[in-house]
$ cat input_7.csv   # CSV, C-alpha atoms
chain,number,residue,atom,x,y,z
A,1,MET,CA,4.4,-14.4,16.8
A,2,ARG,CA,6.8,-14.2,19.7
A,3,ALA,CA,5.3,-10.8,20.7
A,4,ILE,CA,1.6,-12.0,20.5
A,5,GLY,CA,1.8,-14.0,23.8
A,6,LEU,CA,3.4,-11.1,25.6
A,7,LEU,CA,0.9,-8.7,24.1
A,8,ALA,CA,-2.0,-10.8,25.1
A,9,ALA,CA,-0.7,-11.3,28.7
A,10,GLY,CA,-0.1,-7.6,29.0
A,11,THR,CA,-3.6,-6.8,27.7
A,12,MET,CA,-5.2,-9.1,30.2
A,13,LEU,CA,-3.2,-7.5,33.1
A,14,ALA,CA,-4.1,-4.0,32.0
A,15,ALA,CA,-7.7,-5.0,31.5
A,16,SER,CA,-8.0,-6.5,35.0
A,17,PRO,CA,-11.0,-4.9,36.8
A,18,ALA,CA,-8.9,-4.8,40.0
A,19,ALA,CA,-6.4,-2.4,38.5
A,20,ALA,CA,-6.8,1.3,37.8
A,21,GLN,CA,-6.5,1.9,34.1
A,22,ASP,CA,-5.6,4.9,32.1
A,23,ILE,CA,-6.6,4.9,28.4
A,24,THR,CA,-4.9,7.3,26.0
A,25,PRO,CA,-6.2,7.5,22.4
A,26,LEU,CA,-3.6,7.9,19.6
A,27,LEU,CA,-4.5,9.7,16.4
A,28,GLU,CA,-2.5,11.5,13.8
A,29,VAL,CA,-3.0,12.6,10.2
A,30,ARG,CA,-0.4,13.6,7.6
A,31,THR,CA,-0.9,14.8,4.1
A,32,ARG,CA,2.0,15.5,1.8
A,33,TYR,CA,2.6,16.6,-1.7
A,34,GLU,CA,6.0,15.6,-3.2
A,35,HIS,CA,7.3,16.7,-6.6
A,36,VAL,CA,10.5,15.2,-8.1
A,37,GLU,CA,12.5,16.0,-11.2
A,38,GLN,CA,15.5,13.8,-12.3
A,39,ALA,CA,17.5,14.6,-15.4
A,40,GLU,CA,17.8,11.0,-16.5
A,41,LEU,CA,14.1,10.3,-16.5
A,42,PRO,CA,11.6,11.5,-19.1
A,43,GLN,CA,8.7,12.2,-16.7
A,44,ASP,CA,8.5,14.0,-13.3
A,45,ALA,CA,6.9,12.5,-10.2
A,46,ASP,CA,3.9,13.9,-8.4
A,47,ALA,CA,2.7,12.2,-5.2
A,48,LEU,CA,-0.1,13.3,-3.0
A,49,VAL,CA,-0.4,10.9,0.0
A,50,LEU,CA,-2.7,10.9,3.0
A,51,ARG,CA,-1.7,8.9,6.1
A,52,VAL,CA,-3.8,8.2,9.1
A,53,ARG,CA,-2.6,6.4,12.3
A,54,ALA,CA,-5.0,5.5,15.1
A,55,GLY,CA,-4.8,3.4,18.2
A,56,ALA,CA,-4.6,3.6,22.0
A,57,THR,CA,-2.4,3.0,25.0
A,58,VAL,CA,-3.8,1.3,28.1
A,59,THR,CA,-1.7,1.6,31.3
A,60,SER,CA,-2.2,-0.1,34.6
A,61,GLY,CA,0.5,0.7,37.1
A,62,PRO,CA,3.9,0.0,35.6
A,63,ILE,CA,2.4,-2.0,32.6
A,64,GLY,CA,1.3,-0.4,29.4
A,65,VAL,CA,-0.1,-1.9,26.2
A,66,LEU,CA,-0.1,0.0,22.9
A,67,VAL,CA,-1.8,-0.9,19.7
A,68,GLU,CA,-1.7,1.4,16.6
A,69,GLY,CA,-2.6,0.9,13.0
A,70,GLN,CA,-2.0,3.0,9.9
A,71,ALA,CA,-3.4,3.5,6.5
A,72,LEU,CA,-1.8,5.2,3.6
A,73,TRP,CA,-3.7,6.3,0.4
A,74,ALA,CA,-2.3,8.1,-2.6
A,75,PRO,CA,-5.0,10.1,-4.4
A,76,VAL,CA,-2.4,11.5,-6.8
A,77,ASP,CA,-0.1,8.6,-7.8
A,78,ARG,CA,2.0,9.9,-10.7
A,79,TYR,CA,5.2,8.4,-9.2
A,80,ASN,CA,7.3,5.3,-9.0
A,81,GLU,CA,6.6,4.0,-5.4
A,82,GLY,CA,9.4,1.4,-5.8
A,83,LEU,CA,7.3,-1.7,-6.2
A,84,HIS,CA,5.1,-1.5,-9.4
A,85,GLY,CA,5.2,2.2,-10.3
A,86,PRO,CA,6.3,3.4,-13.7
A,87,ALA,CA,10.1,3.3,-14.1
A,88,THR,CA,9.9,6.4,-16.3
A,89,ARG,CA,9.2,8.5,-13.2
A,90,PRO,CA,11.4,9.2,-10.1
A,91,LEU,CA,11.1,7.1,-6.9
A,92,VAL,CA,8.9,8.4,-4.1
A,93,ALA,CA,9.2,5.7,-1.4
A,94,ASP,CA,5.6,6.0,-0.1
A,95,PRO,CA,3.6,3.0,-1.4
A,96,GLU,CA,0.0,2.7,-0.4
A,97,ASN,CA,-0.4,0.5,2.7
A,98,PHE,CA,-2.6,-0.7,5.4
A,99,ALA,CA,-0.8,-2.2,8.4
A,100,LEU,CA,-0.4,-2.8,12.1
A,101,TYR,CA,2.1,-0.1,12.8
A,102,ARG,CA,2.8,-0.8,16.5
A,103,ALA,CA,1.7,-3.5,19.0
A,104,GLN,CA,3.8,-3.6,22.2
A,105,VAL,CA,3.7,-4.4,25.9
A,106,GLN,CA,5.9,-2.2,28.1
A,107,TYR,CA,7.0,-2.4,31.8
A,108,ARG,CA,8.3,0.9,33.2
A,109,SER,CA,10.1,1.7,36.4
A,110,ASP,CA,12.8,4.2,37.5
A,111,LEU,CA,15.5,1.5,36.9
A,112,LEU,CA,14.2,-0.5,34.0
A,113,VAL,CA,12.0,-0.2,30.9
A,114,LEU,CA,11.1,-3.4,29.1
A,115,THR,CA,9.3,-3.3,25.7
A,116,ALA,CA,8.3,-6.3,23.7
A,117,GLY,CA,6.5,-6.5,20.4
A,118,ARG,CA,6.3,-4.2,17.3
A,119,GLN,CA,7.9,-0.9,18.3
A,120,ARG,CA,9.7,2.2,17.2
A,121,ILE,CA,13.4,2.2,18.0
A,122,ALA,CA,15.6,5.3,17.4
A,123,LEU,CA,19.1,5.2,18.8
A,124,ASP,CA,21.3,8.3,19.1
A,125,ASP,CA,21.1,10.4,15.9
A,126,GLU,CA,19.4,7.5,14.0
A,127,ARG,CA,22.4,7.1,11.7
A,128,PHE,CA,22.6,3.4,12.4
A,129,ILE,CA,19.2,2.5,13.9
A,130,GLY,CA,16.1,4.6,13.3
A,131,ASN,CA,12.4,5.0,12.6
A,132,VAL,CA,12.6,6.6,9.1
A,133,ALA,CA,9.8,8.9,10.4
A,134,PHE,CA,10.0,11.2,7.3
A,135,ARG,CA,8.7,8.5,5.0
A,136,ALA,CA,4.9,7.9,5.3
A,137,ASN,CA,5.1,4.3,6.3
A,138,ALA,CA,8.1,4.6,8.6
A,139,GLN,CA,10.0,1.7,10.0
A,140,THR,CA,9.4,-0.4,13.1
A,141,PHE,CA,11.0,-3.4,14.8
A,142,ASP,CA,9.6,-6.7,16.1
A,143,ALA,CA,11.8,-6.9,19.1
A,144,ALA,CA,12.4,-7.3,22.8
A,145,ARG,CA,14.2,-4.3,24.3
A,146,ALA,CA,15.6,-3.5,27.7
A,147,GLU,CA,16.6,0.0,28.8
A,148,ILE,CA,18.5,-0.1,32.1
A,149,ALA,CA,19.6,2.9,34.2
A,150,PRO,CA,21.6,1.4,37.1
A,151,ALA,CA,23.1,4.7,38.2
A,152,THR,CA,22.8,8.4,37.5
A,153,GLY,CA,24.2,9.3,34.1
A,154,LEU,CA,24.6,5.7,33.0
A,155,LYS,CA,22.2,3.8,30.7
A,156,ALA,CA,22.4,0.5,28.9
A,157,ASP,CA,20.1,-0.1,25.9
A,158,LEU,CA,19.9,-3.7,24.7
A,159,THR,CA,17.6,-5.0,21.9
A,160,TYR,CA,17.1,-8.3,20.1
A,161,ALA,CA,15.0,-7.9,17.0
A,162,TRP,CA,13.8,-10.8,14.8
A,163,SER,CA,12.2,-8.6,12.1
A,164,VAL,CA,12.4,-5.1,10.8
A,165,ARG,CA,9.1,-3.8,9.3
A,166,THR,CA,10.2,-1.7,6.3
A,167,ILE,CA,8.8,1.4,4.6
A,168,TRP,CA,7.6,-0.7,1.6
A,169,GLY,CA,4.3,-1.9,3.1
A,170,PHE,CA,2.2,-5.0,2.4
A,171,ASP,CA,3.3,-5.2,-1.2
A,172,GLY,CA,7.0,-5.1,-0.5
A,173,ARG,CA,9.1,-7.8,-2.1
A,174,GLY,CA,12.6,-8.6,-3.4
A,175,ALA,CA,15.2,-6.0,-2.6
A,176,ARG,CA,12.3,-3.9,-1.1
A,177,PRO,CA,10.5,-6.4,1.2
A,178,GLN,CA,7.7,-5.9,3.6
A,179,ALA,CA,9.9,-7.1,6.4
A,180,VAL,CA,13.5,-8.2,6.9
A,181,GLY,CA,14.0,-11.2,9.1
A,182,GLY,CA,17.1,-12.4,10.8
A,183,ASP,CA,18.8,-12.1,14.2
A,184,LYS,CA,19.6,-8.5,15.0
A,185,VAL,CA,21.4,-7.4,18.2
A,186,LEU,CA,21.5,-3.7,19.1
A,187,ALA,CA,23.7,-2.8,22.1
A,188,ASN,CA,24.2,0.8,23.3
A,189,LEU,CA,25.9,1.9,26.5
A,190,ALA,CA,25.8,5.6,27.3
A,191,TRP,CA,27.5,7.6,30.1
A,192,THR,CA,26.9,11.3,30.8
A,193,SER,CA,30.3,12.8,31.4
A,194,PRO,CA,31.3,16.5,32.2
A,195,ILE,CA,32.2,17.0,28.5
A,196,GLY,CA,29.1,15.3,27.1
A,197,LYS,CA,27.3,12.0,26.5
A,198,VAL,CA,29.8,9.2,25.6
A,199,THR,CA,28.2,6.2,23.9
A,200,ALA,CA,29.7,2.9,22.9
A,201,PHE,CA,27.7,0.8,20.5
A,202,GLY,CA,27.6,-2.5,18.7
A,203,TYR,CA,25.0,-3.3,16.0
A,204,LEU,CA,24.8,-6.8,14.5
A,205,LEU,CA,22.4,-7.0,11.5
A,206,ASP,CA,21.6,-10.4,10.0
A,207,GLN,CA,19.5,-9.9,6.9
A,208,ASP,CA,17.7,-13.2,6.0
A,209,GLU,CA,16.2,-12.1,2.7
A,210,THR,CA,18.3,-13.3,-0.2
A,211,ALA,CA,18.2,-9.9,-1.9
A,212,LEU,CA,19.6,-8.2,1.2
A,213,GLN,CA,22.1,-10.7,2.6
A,214,ARG,CA,25.0,-8.7,1.3
A,215,GLN,CA,24.0,-6.0,3.8
A,216,SER,CA,24.4,-8.3,6.8
A,217,SER,CA,27.0,-6.5,8.9
A,218,GLN,CA,28.6,-5.9,12.3
A,219,SER,CA,29.3,-2.3,13.3
A,220,TYR,CA,31.2,-1.2,16.5
A,221,GLY,CA,31.9,2.4,17.4
A,222,VAL,CA,31.9,5.3,19.9
A,223,ARG,CA,30.2,8.6,20.0
A,224,LEU,CA,30.4,11.9,21.9
A,225,THR,CA,27.8,14.6,22.0
A,226,GLY,CA,27.7,17.7,24.1
A,227,ALA,CA,27.5,21.5,24.4
A,228,GLN,CA,29.5,24.1,26.3
A,229,PRO,CA,28.7,27.7,26.9
A,230,VAL,CA,31.0,30.2,25.2
A,231,GLY,CA,29.6,33.5,26.6
A,232,GLY,CA,27.0,36.0,25.5
A,233,GLY,CA,24.2,33.5,25.6
A,234,TRP,CA,25.9,31.3,23.0
A,235,ALA,CA,26.9,27.7,23.3
A,236,LEU,CA,29.1,25.4,21.2
A,237,ALA,CA,27.4,22.1,20.4
A,238,TYR,CA,29.5,19.2,19.1
A,239,GLN,CA,29.3,15.6,17.9
A,240,LEU,CA,32.1,13.2,17.2
A,241,SER,CA,31.7,9.6,16.1
A,242,HIS,CA,33.8,6.7,14.8
A,243,ALA,CA,32.8,3.2,13.8
A,244,ARG,CA,34.2,0.1,12.0
A,245,GLN,CA,32.0,-2.2,10.0
A,246,ALA,CA,32.6,-5.7,8.6
A,247,ASP,CA,30.5,-8.5,7.0
A,248,TRP,CA,28.5,-10.8,9.3
A,249,ARG,CA,26.5,-14.0,9.2
A,250,GLY,CA,25.0,-14.6,5.8
A,251,SER,CA,26.9,-12.0,3.9
A,252,PRO,CA,28.9,-13.4,1.0
A,253,GLU,CA,31.3,-10.5,1.2
A,254,ASP,CA,34.6,-10.1,3.1
A,255,TYR,CA,35.2,-6.4,3.7
A,256,ARG,CA,36.2,-3.7,6.2
A,257,ALA,CA,34.9,-0.1,6.2
A,258,ARG,CA,35.1,2.9,8.5
A,259,TYR,CA,32.8,5.7,9.6
A,260,TRP,CA,33.6,9.2,10.8
A,261,LEU,CA,31.5,12.1,11.9
A,262,ALA,CA,32.6,15.5,13.2
A,263,ASP,CA,30.0,18.2,13.6
A,264,ALA,CA,30.0,21.6,15.5
A,265,ALA,CA,27.6,24.5,15.7
A,266,LEU,CA,27.2,27.8,17.5
A,267,GLU,CA,23.7,28.1,19.1
A,268,GLY,CA,22.2,31.2,20.6
A,269,GLY,CA,19.4,33.7,20.3
A,270,GLY,CA,17.4,31.3,18.1
A,271,TRP,CA,20.3,30.9,15.7
A,272,ARG,CA,22.2,27.7,14.8
A,273,LEU,CA,25.3,28.1,12.6
A,274,GLY,CA,27.6,25.2,12.0
A,275,GLY,CA,29.0,22.5,9.8
A,276,GLY,CA,30.7,19.2,9.7
A,277,TYR,CA,32.2,16.2,7.9
A,278,GLU,CA,30.8,12.7,7.5
A,279,LEU,CA,32.6,9.7,5.9
A,280,LEU,CA,31.1,6.4,5.0
A,281,GLY,CA,34.2,4.7,3.8
A,282,ALA,CA,34.9,2.1,1.1
A,283,ASP,CA,36.8,-1.1,1.0
A,284,ASP,CA,38.0,-2.3,-2.4
A,285,GLY,CA,35.3,-0.7,-4.5
A,286,THR,CA,33.1,-3.7,-4.8
A,287,PRO,CA,29.4,-2.8,-4.5
A,288,LEU,CA,28.0,-3.1,-1.0
A,289,THR,CA,31.4,-3.4,0.6
A,290,SER,CA,31.3,0.3,1.6
A,291,PHE,CA,29.9,1.3,5.0
A,292,GLN,CA,26.1,0.7,4.9
A,293,THR,CA,23.4,1.7,7.3
A,294,PRO,CA,20.3,-0.4,6.1
A,295,SER,CA,18.4,0.1,9.4
A,296,GLY,CA,19.2,3.8,9.9
A,297,THR,CA,17.1,6.9,9.1
A,298,ASN,CA,19.2,7.7,6.1
A,299,PHE,CA,17.1,10.6,4.8
A,300,LYS,CA,18.4,12.7,7.7
A,301,PHE,CA,22.0,12.5,6.3
A,302,GLN,CA,23.9,13.5,3.2
A,303,GLY,CA,21.1,15.6,1.8
A,304,TRP,CA,17.4,15.2,1.1
A,305,ALA,CA,17.7,14.5,-2.6
A,306,ASP,CA,18.1,10.8,-1.7
A,307,ARG,CA,21.2,10.2,-3.8
A,308,PHE,CA,23.1,8.4,-1.1
A,309,LEU,CA,20.6,6.2,0.7
A,310,THR,CA,22.8,3.3,-0.3
A,311,THR,CA,26.5,4.1,0.0
A,312,PRO,CA,28.3,4.0,-3.3
A,313,ALA,CA,30.9,1.3,-3.9
A,314,ASP,CA,33.7,3.9,-3.5
A,315,GLY,CA,32.2,5.4,-0.3
A,316,VAL,CA,31.1,9.0,0.2
A,317,GLN,CA,32.5,12.0,2.0
A,318,ASP,CA,30.1,14.8,2.9
A,319,VAL,CA,31.4,18.3,3.9
A,320,TYR,CA,28.5,20.5,4.9
A,321,LEU,CA,27.5,23.9,6.3
A,322,GLN,CA,24.2,24.6,8.0
A,323,ALA,CA,22.3,27.7,9.1
A,324,GLY,CA,19.0,28.0,10.9
A,325,ARG,CA,16.8,30.5,12.8
A,326,THR,CA,13.9,29.6,15.1
A,327,TRP,CA,11.3,32.0,16.6
A,328,LYS,CA,8.9,31.2,19.4
A,329,LYS,CA,5.5,32.9,19.3
A,330,ALA,CA,6.0,34.4,15.9
A,331,GLY,CA,2.6,35.9,14.9
A,332,ALA,CA,0.0,33.1,14.9
A,333,ALA,CA,2.7,30.4,15.0
A,334,ASP,CA,3.9,28.8,18.3
A,335,VAL,CA,7.2,28.0,16.6
A,336,LEU,CA,8.5,29.2,13.2
A,337,ALA,CA,11.8,27.9,11.8
A,338,LEU,CA,14.0,28.4,8.7
A,339,GLN,CA,16.9,26.1,7.8
A,340,ALA,CA,19.5,25.9,5.0
A,341,ALA,CA,22.3,23.4,4.3
A,342,TRP,CA,24.9,23.1,1.7
A,343,HIS,CA,26.7,19.8,0.9
A,344,TRP,CA,29.8,18.9,-1.1
A,345,TYR,CA,30.2,15.2,-1.8
A,346,ARG,CA,33.3,13.3,-2.8
A,347,SER,CA,34.2,9.6,-3.1
A,348,ASP,CA,36.4,7.9,-0.4
A,349,ARG,CA,38.3,5.9,-3.0
A,350,GLN,CA,39.8,7.7,-6.0
A,351,ASP,CA,38.8,11.1,-4.7
A,352,ARG,CA,36.2,12.0,-7.2
A,353,ALA,CA,33.8,15.0,-6.9
A,354,TYR,CA,30.3,13.4,-6.8
A,355,GLY,CA,28.2,16.6,-6.7
A,356,ARG,CA,26.8,19.4,-4.6
A,357,GLU,CA,23.4,19.9,-2.9
A,358,LEU,CA,21.3,22.7,-1.5
A,359,ASN,CA,18.6,22.0,1.1
A,360,LEU,CA,16.0,24.5,2.3
A,361,LEU,CA,13.3,24.1,5.0
A,362,ALA,CA,10.6,26.3,6.4
A,363,SER,CA,8.3,25.0,9.1
A,364,ALA,CA,5.7,26.3,11.6
A,365,SER,CA,3.6,24.8,14.3
A,366,PHE,CA,0.2,25.9,15.5
A,367,GLY,CA,-1.0,23.9,18.5
A,368,ARG,CA,-1.7,20.4,17.2
A,369,ASN,CA,-1.0,21.5,13.6
A,370,ALA,CA,2.3,21.7,11.8
A,371,LEU,CA,3.1,22.9,8.3
A,372,SER,CA,6.4,22.6,6.4
A,373,ALA,CA,7.9,23.3,2.9
A,374,ARG,CA,11.1,21.6,1.9
A,375,TYR,CA,13.3,21.8,-1.1
A,376,ALA,CA,16.4,19.9,-2.3
A,377,HIS,CA,18.6,20.5,-5.4
A,378,TYR,CA,21.3,18.1,-6.3
A,379,ASP,CA,23.9,19.3,-8.8
A,380,ALA,CA,25.6,16.2,-10.2
A,381,GLN,CA,29.3,15.9,-11.2
A,382,ALA,CA,30.7,12.4,-11.1
A,383,PHE,CA,27.7,10.6,-9.5
A,384,GLY,CA,24.1,10.3,-10.5
A,385,SER,CA,22.2,13.1,-12.3
A,386,ASP,CA,20.8,16.5,-11.5
A,387,ALA,CA,17.7,16.2,-9.3
A,388,ASP,CA,15.1,18.6,-7.7
A,389,ARG,CA,12.7,17.6,-4.9
A,390,PHE,CA,9.9,19.7,-3.3
A,391,TRP,CA,7.6,18.8,-0.4
A,392,LEU,CA,4.6,20.5,1.1
A,393,GLN,CA,3.4,18.8,4.3
A,394,TYR,CA,0.7,19.1,6.9
A,395,ASP,CA,0.6,17.2,10.2
A,396,TRP,CA,-2.1,17.0,12.9
A,397,VAL,CA,-1.6,15.1,16.1
A,398,LEU,CA,-4.1,14.5,18.8
$ encode --input "input_7.csv" --output "structure tokens"
Amino acid sequence: MRAIGLLAAGTMLAASPAAAQDITPLLEVRTRYEHVEQAELPQDADALVLRVRAGATVTSGPIGVLVEGQALWAPVDRYNEGLHGPATRPLVADPENFALYRAQVQYRSDLLVLTAGRQRIALDDERFIGNVAFRANAQTFDAARAEIAPATGLKADLTYAWSVRTIWGFDGRGARPQAVGGDKVLANLAWTSPIGKVTAFGYLLDQDETALQRQSSQSYGVRLTGAQPVGGGWALAYQLSHARQADWRGSPEDYRARYWLADAALEGGGWRLGGGYELLGADDGTPLTSFQTPSGTNFKFQGWADRFLTTPADGVQDVYLQAGRTWKKAGAADVLALQAAWHWYRSDRQDRAYGRELNLLASASFGRNALSARYAHYDAQAFGSDADRFWLQYDWVL
């Protein structure tokens, strides 16, 4: 409701006959088939979903108004979508949905960008705050955001959000609600230094919903990302990040947990070869007192088999290797890419081997069209059960 007045005011301004207007239509279509096998469940999952997003942006001078809706239909729904699907089949977190995806007013200048309303927010690598773009419904924020660039190489990004619109759609409830209310403060200060981008951040997440209050947390950390040439057309890209997390506001827990990320890769000639280590630490082994990232794009991290979307009570360590090759203008494709990753997972407490995972991805883009095939195999040891996931996806964007 707080965004509606701002949206209406912005719409009136953009629609003023005295102002020059620029109208940009928004339209995108995604269809995806997902197949999942999990050893502990008697039936496999098969999901074929079709998502359409449509809307428009109207700009007048520095003011822009954006409205976008989305609809998701599952013509093949032999899967557990997390709300009322059969518990005998694996979870595919794409419930059918019809929703207002974005509705925002934005003011933009060289110094300042102000955005109010329902919007996408993706900070840094999206480990802590992200859009969850891989899932069909994605995640948006009802928020007021200010991006300030007072000097070259310096940027402050400040957001107050009163609701997070989740991937669970209009039927969401309980531990998988349609939206998560509560005061959320996202502060991010970045400086571009000679060795890379240095970011200090603080994220305060107050989760109003009773089923999620234990995930109310405060996280503070620093991050460095950069790349340096090493000769022969190659560069060394690197990421380093550390954070501390504790309970906050309505959380009934009293805990402290740590986060570490170290990642490096050689890039050149279309190749990317690298690896890294990520730790989401534990406290005393009580569930949900390990380092959690409930507003992050968790699919991007610790494998695509979705075994660690919620951090286990004993935390998780991920040692991984990655290899990829990209070609431009490969036959009929504008871009063709192949990727592979290998993960070895262990607990933070008690040092147990959780399991291993293989991820494979092939993707190609042709103008406005994109195709991808993705596969994940999780080999369980001391956590969960064996799982295989396969995706075939087509995207078209206006």
$ residues_around --input "input_7.csv" --residues "range 118-125 of chain A" --least-positions-apart "6" --cutoff "10 Å" --atoms "all atoms listed in the file" --output "ChimeraX atom specification"
/A:3-4,7,66-68,100-105,131-133,138-145,157,159,161,163-165,186-188,190,199,201,223,225,239,295-297,300-301
$ write_last_selection --input "input_7.csv" --atoms "C-alpha atoms" --output "PDB file, keeping the file's coordinate frame"
ATOM      1  CA  ALA A   3       5.300 -10.800  20.700  1.00  0.00           C
ATOM      2  CA  ILE A   4       1.600 -12.000  20.500  1.00  0.00           C
ATOM      3  CA  LEU A   7       0.900  -8.700  24.100  1.00  0.00           C
ATOM      4  CA  LEU A  66      -0.100   0.000  22.900  1.00  0.00           C
ATOM      5  CA  VAL A  67      -1.800  -0.900  19.700  1.00  0.00           C
ATOM      6  CA  GLU A  68      -1.700   1.400  16.600  1.00  0.00           C
ATOM      7  CA  LEU A 100      -0.400  -2.800  12.100  1.00  0.00           C
ATOM      8  CA  TYR A 101       2.100  -0.100  12.800  1.00  0.00           C
ATOM      9  CA  ARG A 102       2.800  -0.800  16.500  1.00  0.00           C
ATOM     10  CA  ALA A 103       1.700  -3.500  19.000  1.00  0.00           C
ATOM     11  CA  GLN A 104       3.800  -3.600  22.200  1.00  0.00           C
ATOM     12  CA  VAL A 105       3.700  -4.400  25.900  1.00  0.00           C
ATOM     13  CA  ASN A 131      12.400   5.000  12.600  1.00  0.00           C
ATOM     14  CA  VAL A 132      12.600   6.600   9.100  1.00  0.00           C
ATOM     15  CA  ALA A 133       9.800   8.900  10.400  1.00  0.00           C
ATOM     16  CA  ALA A 138       8.100   4.600   8.600  1.00  0.00           C
ATOM     17  CA  GLN A 139      10.000   1.700  10.000  1.00  0.00           C
ATOM     18  CA  THR A 140       9.400  -0.400  13.100  1.00  0.00           C
ATOM     19  CA  PHE A 141      11.000  -3.400  14.800  1.00  0.00           C
ATOM     20  CA  ASP A 142       9.600  -6.700  16.100  1.00  0.00           C
ATOM     21  CA  ALA A 143      11.800  -6.900  19.100  1.00  0.00           C
ATOM     22  CA  ALA A 144      12.400  -7.300  22.800  1.00  0.00           C
ATOM     23  CA  ARG A 145      14.200  -4.300  24.300  1.00  0.00           C
ATOM     24  CA  ASP A 157      20.100  -0.100  25.900  1.00  0.00           C
ATOM     25  CA  THR A 159      17.600  -5.000  21.900  1.00  0.00           C
ATOM     26  CA  ALA A 161      15.000  -7.900  17.000  1.00  0.00           C
ATOM     27  CA  SER A 163      12.200  -8.600  12.100  1.00  0.00           C
ATOM     28  CA  VAL A 164      12.400  -5.100  10.800  1.00  0.00           C
ATOM     29  CA  ARG A 165       9.100  -3.800   9.300  1.00  0.00           C
ATOM     30  CA  LEU A 186      21.500  -3.700  19.100  1.00  0.00           C
ATOM     31  CA  ALA A 187      23.700  -2.800  22.100  1.00  0.00           C
ATOM     32  CA  ASN A 188      24.200   0.800  23.300  1.00  0.00           C
ATOM     33  CA  ALA A 190      25.800   5.600  27.300  1.00  0.00           C
ATOM     34  CA  THR A 199      28.200   6.200  23.900  1.00  0.00           C
ATOM     35  CA  PHE A 201      27.700   0.800  20.500  1.00  0.00           C
ATOM     36  CA  ARG A 223      30.200   8.600  20.000  1.00  0.00           C
ATOM     37  CA  THR A 225      27.800  14.600  22.000  1.00  0.00           C
ATOM     38  CA  GLN A 239      29.300  15.600  17.900  1.00  0.00           C
ATOM     39  CA  SER A 295      18.400   0.100   9.400  1.00  0.00           C
ATOM     40  CA  GLY A 296      19.200   3.800   9.900  1.00  0.00           C
ATOM     41  CA  THR A 297      17.100   6.900   9.100  1.00  0.00           C
ATOM     42  CA  LYS A 300      18.400  12.700   7.700  1.00  0.00           C
ATOM     43  CA  PHE A 301      22.000  12.500   6.300  1.00  0.00           C
TER      44      PHE A 301
END
$ closest_residue --input "input_7.csv" --among "A:Tyr160, A:Trp234, A:Phe134, A:Tyr220" --to "Trp304 in chain A" --atoms "only C-alpha atoms"
A:Phe134
$ atom_distance --input "input_7.csv" --atom1 "CA of Ala243 in chain A" --atom2 "CA of Arg258 in chain A"
5.8 Å
$ atom_distance --input "input_7.csv" --atom1 "CA of Phe128 in chain A" --atom2 "CA of Ala54 in chain A"
27.8 Å
$ atom_distance --input "input_7.csv" --atom1 "CA of Ala265 in chain A" --atom2 "CA of Ala235 in chain A"
8.3 Å
$ closest_residue --input "input_7.csv" --among "A:Arg307, A:Gly274, A:Phe299, A:Leu111" --to "Trp342 in chain A" --atoms "all atoms listed in the file"
A:Gly274
$ residues_around --input "input_7.csv" --residues "Ile167 in chain A" --least-positions-apart "2" --cutoff "9 Å" --atoms "all atoms listed in the file" --output "PyMOL selection string"
chain A and resi 93-95+132+135-140+165+169+172+176-179
$ closest_residue --input "input_7.csv" --among "A:Leu336, A:Ala56, A:Ala99, A:Val222" --to "Ala364 in chain A" --atoms "all atoms listed in the file"
A:Leu336
$ closest_residue --input "input_7.csv" --among "A:Thr311, A:Gln317, A:Gln213, A:Asn298" --to "Gly276 in chain A" --atoms "all atoms listed in the file"
A:Gln317
$ residues_near_point --input "input_7.csv" --point "(0.4, 3.0, 33.3)" --cutoff "9 Å" --atoms "all atoms listed in the file" --output "list in words"
Ala14, Ala20, Gln21, Asp22, Ile23, Thr57, Val58, Thr59, Ser60, Gly61, Pro62, Ile63, Gly64, Val65, Tyr107 and Arg108 of chain A
$ closest_residue --input "input_7.csv" --among "A:Gln70, A:Gln215, A:Ser193, A:Ser385" --to "Phe291 in chain A" --atoms "all atoms listed in the file"
A:Gln215
$ decode --input "input_7.csv" --residues "range 75-82 of chain A" --atoms "N, CA and C atoms" --output "mmCIF file, in the first residue's frame"
data_model
loop_
_atom_site.group_PDB
_atom_site.id
_atom_site.type_symbol
_atom_site.label_atom_id
_atom_site.label_comp_id
_atom_site.auth_asym_id
_atom_site.auth_seq_id
_atom_site.Cartn_x
_atom_site.Cartn_y
_atom_site.Cartn_z
ATOM 1 N N PRO A 75 1.078 -27.247 -17.627
ATOM 2 C CA PRO A 75 0.298 -28.250 -18.368
ATOM 3 C C PRO A 75 0.649 -29.684 -17.993
ATOM 4 N N VAL A 76 1.874 -29.922 -17.522
ATOM 5 C CA VAL A 76 2.254 -31.226 -16.960
ATOM 6 C C VAL A 76 2.622 -30.975 -15.505
ATOM 7 N N ASP A 77 1.835 -31.526 -14.567
ATOM 8 C CA ASP A 77 2.005 -31.184 -13.158
ATOM 9 C C ASP A 77 2.183 -32.413 -12.271
ATOM 10 N N ARG A 78 2.986 -33.360 -12.760
ATOM 11 C CA ARG A 78 3.274 -34.544 -11.951
ATOM 12 C C ARG A 78 4.468 -34.231 -11.038
ATOM 13 N N TYR A 79 4.246 -33.314 -10.095
ATOM 14 C CA TYR A 79 5.312 -32.910 -9.187
ATOM 15 C C TYR A 79 4.717 -32.316 -7.921
ATOM 16 N N ASN A 80 5.532 -32.231 -6.896
ATOM 17 C CA ASN A 80 5.162 -31.575 -5.642
ATOM 18 C C ASN A 80 5.611 -30.125 -5.743
ATOM 19 N N GLU A 81 4.676 -29.200 -5.887
ATOM 20 C CA GLU A 81 5.045 -27.790 -6.018
ATOM 21 C C GLU A 81 5.195 -27.094 -4.673
ATOM 22 N N GLY A 82 5.147 -27.854 -3.566
ATOM 23 C CA GLY A 82 5.465 -27.311 -2.255
ATOM 24 C C GLY A 82 4.283 -26.842 -1.450
#
